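All remarks here apply to the structure that follows.
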Protein chains: 2
Amino acid sequence: MPRRMNAAAAGFEQEFAAFLAENRDNGVDVVGVVTDILKRVRAEGDAAVLAYTRKFDRVTLTAETMRVTAAEVDAAFAACDAKQIEALKIAAARIESFHRRQVPEGFGYSDAEGVELGLRWTSVSAVGLYVPGGLAAYPSSVLMNAMPAKVAGVPRIVMTVPTPDGALNPLVLAAAKLAGVTEIYRLGGAQAVGALAYGTQTIQPVDKIVGPGNAYVAEAKRQVFGTVGIDSIAGPSEILVVADKDNDPDWIAADLLSQAEHSDDAQSVLITDDTLFADAVAAAVERQLAELPRGEIAALSWRNYGAIVTVTALADAVPLVDRIAPEHLELAVADPDALSAKIRNAGAIFLGRHTPEAIGDYVAGPNHVLPTSRTARFSSGLGVHDFMKRSTLIRCDAASLGRIGPAAITLAEAEGLDAHARSVAVRLGQPQGA
Amino acid sequence: MPRRMNAAAAGFEQEFAAFLAENRDNGVDVVGVVTDILKRVRAEGDAAVLAYTRKFDRVTLTAETMRVTAAEVDAAFAACDAKQIEALKIAAARIESFHRRQVPEGFGYSDAEGVELGLRWTSVSAVGLYVPGGLAAYPSSVLMNAMPAKVAGVPRIVMTVPTPDGALNPLVLAAAKLAGVTEIYRLGGAQAVGALAYGTQTIQPVDKIVGPGNAYVAEAKRQVFGTVGIDSIAGPSEILVVADKDNDPDWIAADLLSQAEHSDDAQSVLITDDTLFADAVAAAVERQLAELPRGEIAALSWRNYGAIVTVTALADAVPLVDRIAPEHLELAVADPDALSAKIRNAGAIFLGRHTPEAIGDYVAGPNHVLPTSRTARFSSGLGVHDFMKRSTLIRCDAASLGRIGPAAITLAEAEGLDAHARSVAVRLGQPQGA
């Protein structure tokens, strides 16, 4: 059974604080191994990448065959189940539509002093998308990572996907085609991240790398950060469901298990104002666990990290939600809008009784790459903004510089930066400074 | 003399690529020291912070006196030079005005399938602002870091500033007052970063830490990243000036030196289409260096890292600019708009002959915290966005879930995630899945 907490009980604050501080990280130390791989990829390029691929994926490739050709992508697409392709197309269209609304606009204006100011958004030139490998690869993740880059206008979207023992999920290639990926390489692990960051004889380097991966991939992304941009490092998945007693316990149990089945370090939490409902959900979880193909994984997650918190009134859930800052928040209550309006920290919010979190994983439209491990306090899900950057624009003429320049000179001199002051002063006809 | 390169010469590509790959990082290894400091601050709180402050800043404080009181801030404000306060006020007002235009707006809509979708921006709850210490602290940096947080609506803005031997620049406190800082502590170094990230008995933890600092501060920010958000780690400052021969060489020289005076690892680069003009600027730099109070620092920067590149036509500068991806880009040419429109990668762009970079450091309005070390390829200057985060919103009812749910079930099953499929299917009256 997962832990039960009662927000009205003595000692709850300590118990909840300890719960928040719990670390679900497995913490495998791969720093040294990854450092070596990256160093060799940087020095040797293709040769290193191909050698590591032979070693780790048991596949012998050449500089030529490591790239997946357009013909191979088309063949994979044609070989996919028609119903699955249809579902992928629905997902791609809905994701594209939602992300188009995110495209930020710049601005420009001339102010009272005659200074022209502006802000311009431009897309990143080239993005690398890491896709985990083998038959278990998730085509939905390809859509969620590549589509915002495409909508942002990134001209070059490079995907790497390992093909252990030669296996490559055709639906992943189909998703790449739908999402506008422009180059695909049969590479994985830290060596793929190195190839994307530093480039090789065959692969031009990219400017930013996104996408999920194992501990080696995550560490490689950490190490190449600075040389390229990266997305946030994803932790284990989480769901927090706030539910009143008028829900079907079976529905809520299914939602909790939809995260628990991801991995044994995933976390599912229920907050409710009704103890009997809490009991009913707990019982429904046990029943469903017995039927679930990934029941063993889900059971480990639920028993080790799951939690049910009872509160006196639903409004008491709000501060707890903000402290948990969940990746996914379901508000299965009568008036979800009122509750949602009070909440500051959540990656994605699912409103009402008919919005299971899984609908957001696939077809709703918003991104499923979301901040985990309480980072929704300060970060956001993946979006178009992550593939664009801002430049600011400033233009003075002699008159406007004459109006605002003296204040700049005063501050530069106060900071002891005389060359700063001088670069303004020379233009005001004061070559010695103010 | 700085290096000279000619874009039309044989071997330029190799020379330019080597120039781009140069590392100006001093690379002091402080990882171990910082790890120890953070561990002790996390375990002991106030006691550790006060002990490190005694050791590194030679100041004995208590949990009470480490906080700067409102009365102390007011006294500092009153003690400042009136002209400097006036200049700070001009800067604060202009920075606030520009940043107000950046505040992003969310959206909400109902789509053709009846799914309600939305995106909401909320501010971070609490931000820590690290300010480097002593009398050399920069009040302009306080404005540039705190003002976007204030405009974003961050309710709690906590500043830490070390006071080595008790010294605290009153203009820094004045800037904090103008920028809406809500708490100030006399702390610095890795111990201040630890106190902000983990909290102590006296200091509540924050959610995000921004602001420049030395190698210890930068490493501490790296290590607490994940527990809190951080801004990017700033490298040495840079300016790239693209100038035609119709500029006054003295003006351009002054601009190049305004970055060179920051530190001996700063970098100033000129691209021009006129060799004689290049010579004239180089000569003007030498003349000005002799007069500059920080001339020794600027000379080291200019001789070690400065560069002058000549191109056949100004349009040839565009790809070079994008590869350098400069922190600051001045376009001192006849038609700066035409050139600017072709450029993708630059933190801030200064248009025309009357817009010295230093005007942006102080009073123009846009932020002076900008991406260095070629990171403008994928990142932006500090702005309101850095103090806000997005939550997405999804709401289905029975009918709309009925329309989009089947595609989600198909994809979940294709990915082998049956509990995902089931959480949708139960709501469609298909408890066994599709």
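Residues are referred to by chain and number: the chain letter is A, B, ... according to the order shown in the structure tokens, the number counts from 1 in that chain, and ligands are numbered separately from 1 in the order shown.
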
Who sits within 12 Å of Leu401 (chain A), only C-alpha atoms, same chain under 5 positions skipped, as a VMD selection string: (chain A and resid 113 to 116 394 to 396 406 to 409 423 to 429) or (chain B and resid 352 to 360 363 to 364)

Per-residue DSSP, region 204-331 of chain B, filtered to strand (DSSP E), as an NGL selection string: :B and (208-210 or 229-230 or 238-243 or 267-272 or 307-310 or 328-331)

If you take only C-alpha atoms and a cut-off of 6 Å, which residues of chain A touch chain B, and what are their nearest atom pairs and distances in Å to one decimal, in chain and number order, as JSON lines?
{"residue": "A:Ala87", "atom": "CA", "partner": "B:Ala407", "partner_atom": "CA", "distance": 4.6}
{"residue": "A:Val124", "atom": "CA", "partner": "B:Phe378", "partner_atom": "CA", "distance": 5.7}
{"residue": "A:Gly229", "atom": "CA", "partner": "B:Phe378", "partner_atom": "CA", "distance": 5.9}
{"residue": "A:Ala254", "atom": "CA", "partner": "B:Ser423", "partner_atom": "CA", "distance": 4.8}
{"residue": "A:Asp255", "atom": "CA", "partner": "B:Ser423", "partner_atom": "CA", "distance": 5.4}
{"residue": "A:Ser258", "atom": "CA", "partner": "B:His420", "partner_atom": "CA", "distance": 4.6}
{"residue": "A:Gly347", "atom": "CA", "partner": "B:Ser391", "partner_atom": "CA", "distance": 5.0}
{"residue": "A:Ala348", "atom": "CA", "partner": "B:Thr392", "partner_atom": "CA", "distance": 4.7}
{"residue": "A:Ile349", "atom": "CA", "partner": "B:Leu393", "partner_atom": "CA", "distance": 4.9}
{"residue": "A:Phe350", "atom": "CA", "partner": "B:Ile394", "partner_atom": "CA", "distance": 5.0}
{"residue": "A:Leu351", "atom": "CA", "partner": "B:Arg395", "partner_atom": "CA", "distance": 4.8}
{"residue": "A:His354", "atom": "CA", "partner": "B:Asp397", "partner_atom": "CA", "distance": 5.2}
{"residue": "A:Thr355", "atom": "CA", "partner": "B:Cys396", "partner_atom": "CA", "distance": 5.1}
{"residue": "A:Ala358", "atom": "CA", "partner": "B:His420", "partner_atom": "CA", "distance": 5.4}
{"residue": "A:Tyr362", "atom": "CA", "partner": "B:Ala408", "partner_atom": "CA", "distance": 5.5}
{"residue": "A:Val363", "atom": "CA", "partner": "B:Ala408", "partner_atom": "CA", "distance": 5.9}
{"residue": "A:Phe378", "atom": "CA", "partner": "B:Val124", "partner_atom": "CA", "distance": 5.7}
{"residue": "A:Ser379", "atom": "CA", "partner": "B:Lys389", "partner_atom": "CA", "distance": 5.4}
{"residue": "A:Ser380", "atom": "CA", "partner": "B:Arg390", "partner_atom": "CA", "distance": 5.1}
{"residue": "A:Lys389", "atom": "CA", "partner": "B:Ser380", "partner_atom": "CA", "distance": 5.1}
{"residue": "A:Arg390", "atom": "CA", "partner": "B:Ser380", "partner_atom": "CA", "distance": 5.1}
{"residue": "A:Ser391", "atom": "CA", "partner": "B:Gly347", "partner_atom": "CA", "distance": 5.0}
{"residue": "A:Thr392", "atom": "CA", "partner": "B:Ala348", "partner_atom": "CA", "distance": 4.7}
{"residue": "A:Leu393", "atom": "CA", "partner": "B:Ile349", "partner_atom": "CA", "distance": 4.9}
{"residue": "A:Ile394", "atom": "CA", "partner": "B:Phe350", "partner_atom": "CA", "distance": 5.0}
{"residue": "A:Arg395", "atom": "CA", "partner": "B:Leu351", "partner_atom": "CA", "distance": 4.8}
{"residue": "A:Cys396", "atom": "CA", "partner": "B:Thr355", "partner_atom": "CA", "distance": 5.1}
{"residue": "A:Asp397", "atom": "CA", "partner": "B:His354", "partner_atom": "CA", "distance": 5.2}
{"residue": "A:Ala398", "atom": "CA", "partner": "B:His354", "partner_atom": "CA", "distance": 5.9}
{"residue": "A:Ala407", "atom": "CA", "partner": "B:Ala87", "partner_atom": "CA", "distance": 4.6}
{"residue": "A:Ala408", "atom": "CA", "partner": "B:Tyr362", "partner_atom": "CA", "distance": 5.4}
{"residue": "A:Ala419", "atom": "CA", "partner": "B:Ser258", "partner_atom": "CA", "distance": 4.7}
{"residue": "A:His420", "atom": "CA", "partner": "B:Ser258", "partner_atom": "CA", "distance": 4.6}
{"residue": "A:Ser423", "atom": "CA", "partner": "B:Ala254", "partner_atom": "CA", "distance": 4.8}

Close residues, Ala243 (chain B) itself excluded, 7 Å, only C-alpha atoms, min 6 positions apart in chain, as JSON, numbers by chain: {"B": [271, 272, 331, 332, 333]}

Between CA of Ala7 (chain B) and CA of Leu20 (chain B), distance in Å (one decimal):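 The value is 14.1 Å.
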
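Take CA of Met144 (chain B) and CA of Leu168 (chain B): the distance between them is 18.9 Å.
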
Alpha helix (DSSP H) call set, DSSP backbone run, region 224-423 of chain B, as number ranges by chain: B: 224, 249-260, 275-291, 295-305, 317-324, 336-341, 357-362, 398-414, 418-423

Non-local contacts of Pro205 (chain B) (10 Å; only C-alpha atoms; under 3 positions in same chain excluded) as a ChimeraX atom specification: /B:126-128,158,194-202,208,228

Emit the selected residues as an mmCIF file, in the first residue's frame, including N, CA, C and O atoms.
data_model
loop_
_atom_site.group_PDB
_atom_site.id
_atom_site.type_symbol
_atom_site.label_atom_id
_atom_site.label_comp_id
_atom_site.auth_asym_id
_atom_site.auth_seq_id
_atom_site.Cartn_x
_atom_site.Cartn_y
_atom_site.Cartn_z
ATOM 1 N N ALA B 126 9.546 32.953 -5.810
ATOM 2 C CA ALA B 126 10.634 33.601 -5.065
ATOM 3 C C ALA B 126 11.927 33.474 -5.861
ATOM 4 O O ALA B 126 12.277 32.392 -6.313
ATOM 5 N N VAL B 127 12.615 34.588 -6.011
ATOM 6 C CA VAL B 127 13.834 34.634 -6.801
ATOM 7 C C VAL B 127 14.984 35.136 -5.937
ATOM 8 O O VAL B 127 14.814 36.057 -5.138
ATOM 9 N N GLY B 128 16.154 34.525 -6.089
ATOM 10 C CA GLY B 128 17.358 34.998 -5.422
ATOM 11 C C GLY B 128 18.234 35.730 -6.430
ATOM 12 O O GLY B 128 18.415 35.262 -7.548
ATOM 13 N N VAL B 158 14.913 38.219 -3.385
ATOM 14 C CA VAL B 158 15.886 38.198 -2.296
ATOM 15 C C VAL B 158 17.269 38.454 -2.870
ATOM 16 O O VAL B 158 17.723 37.737 -3.749
ATOM 17 N N GLY B 194 24.053 28.628 -1.616
ATOM 18 C CA GLY B 194 23.489 27.519 -0.843
ATOM 19 C C GLY B 194 22.334 27.964 0.033
ATOM 20 O O GLY B 194 21.297 27.295 0.113
ATOM 21 N N ALA B 195 22.495 29.120 0.690
ATOM 22 C CA ALA B 195 21.420 29.628 1.558
ATOM 23 C C ALA B 195 20.168 29.909 0.747
ATOM 24 O O ALA B 195 19.047 29.591 1.166
ATOM 25 N N LEU B 196 20.333 30.480 -0.450
ATOM 26 C CA LEU B 196 19.179 30.773 -1.303
ATOM 27 C C LEU B 196 18.515 29.482 -1.800
ATOM 28 O O LEU B 196 17.287 29.385 -1.866
ATOM 29 N N ALA B 197 19.304 28.493 -2.144
ATOM 30 C CA ALA B 197 18.748 27.263 -2.722
ATOM 31 C C ALA B 197 18.109 26.368 -1.666
ATOM 32 O O ALA B 197 17.021 25.821 -1.885
ATOM 33 N N TYR B 198 18.783 26.194 -0.538
ATOM 34 C CA TYR B 198 18.296 25.244 0.460
ATOM 35 C C TYR B 198 17.540 25.908 1.598
ATOM 36 O O TYR B 198 16.818 25.237 2.321
ATOM 37 N N GLY B 199 17.749 27.208 1.756
ATOM 38 C CA GLY B 199 17.164 27.890 2.893
ATOM 39 C C GLY B 199 17.978 27.637 4.144
ATOM 40 O O GLY B 199 18.780 26.701 4.210
ATOM 41 N N THR B 200 17.805 28.522 5.130
ATOM 42 C CA THR B 200 18.424 28.337 6.459
ATOM 43 C C THR B 200 17.321 28.617 7.478
ATOM 44 O O THR B 200 16.172 28.858 7.094
ATOM 45 N N GLN B 201 17.678 28.620 8.752
ATOM 46 C CA GLN B 201 16.684 28.946 9.772
ATOM 47 C C GLN B 201 16.117 30.351 9.532
ATOM 48 O O GLN B 201 14.959 30.624 9.853
ATOM 49 N N THR B 202 16.928 31.236 8.976
ATOM 50 C CA THR B 202 16.522 32.642 8.821
ATOM 51 C C THR B 202 16.033 32.955 7.405
ATOM 52 O O THR B 202 15.149 33.783 7.224
ATOM 53 N N LYS B 208 14.457 30.208 -7.834
ATOM 54 C CA LYS B 208 15.362 30.453 -8.951
ATOM 55 C C LYS B 208 16.427 31.450 -8.515
ATOM 56 O O LYS B 208 16.127 32.365 -7.755
ATOM 57 N N VAL B 228 16.875 24.374 -7.663
ATOM 58 C CA VAL B 228 16.306 25.662 -8.085
ATOM 59 C C VAL B 228 16.647 25.871 -9.552
ATOM 60 O O VAL B 228 17.515 25.179 -10.091
#

Pick from B:Gln204, B:Asn304, B:Thr53, B:Ser237, whichever lies nearest to Gly188 (chain B) using only C-alpha atoms: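 Closest to Gly188 (chain B), using only C-alpha atoms: B:Thr53.
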
Atomic separation - CA of Leu129 (chain B) relative to CA of Glu183 (chain B), Å: 10.0 Å

Residue nearest Arg58 (chain B) - candidates B:Val181, B:Ala93, B:Leu187, B:Asn145, atoms counted: only C-alpha atoms: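 Going through B:Val181, B:Ala93, B:Leu187, B:Asn145 one by one, the smallest distance to Arg58 (chain B) is for B:Leu187.
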
Please provide the set of residues having any atom within 12 Å of Val31 (chain B), restricted to only C-alpha atoms, with same-chain residues fewer than 4 positions apart removed, written as an mmCIF file with C-alpha atoms, in the first residue's frame.
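selection_5.cif, freshly written:
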data_model
loop_
_atom_site.group_PDB
_atom_site.id
_atom_site.type_symbol
_atom_site.label_atom_id
_atom_site.label_comp_id
_atom_site.auth_asym_id
_atom_site.auth_seq_id
_atom_site.Cartn_x
_atom_site.Cartn_y
_atom_site.Cartn_z
ATOM 1 C CA GLY B 27 38.983 27.182 -15.860
ATOM 2 C CA THR B 35 30.615 20.866 -2.921
ATOM 3 C CA ASP B 36 31.847 21.046 0.677
ATOM 4 C CA ILE B 37 30.466 24.525 1.273
ATOM 5 C CA LEU B 38 27.039 23.612 -0.105
ATOM 6 C CA ALA B 190 28.951 29.640 -2.641
ATOM 7 C CA ALA B 215 34.064 31.002 -10.258
ATOM 8 C CA TYR B 216 32.791 29.813 -6.853
ATOM 9 C CA VAL B 217 29.391 31.388 -7.378
ATOM 10 C CA ALA B 218 29.131 30.008 -10.912
ATOM 11 C CA GLU B 219 30.016 26.494 -9.748
ATOM 12 C CA ALA B 220 27.587 26.736 -6.825
ATOM 13 C CA LYS B 221 24.813 27.733 -9.238
ATOM 14 C CA ARG B 222 25.712 24.735 -11.429
ATOM 15 C CA GLN B 223 25.496 22.429 -8.428
#
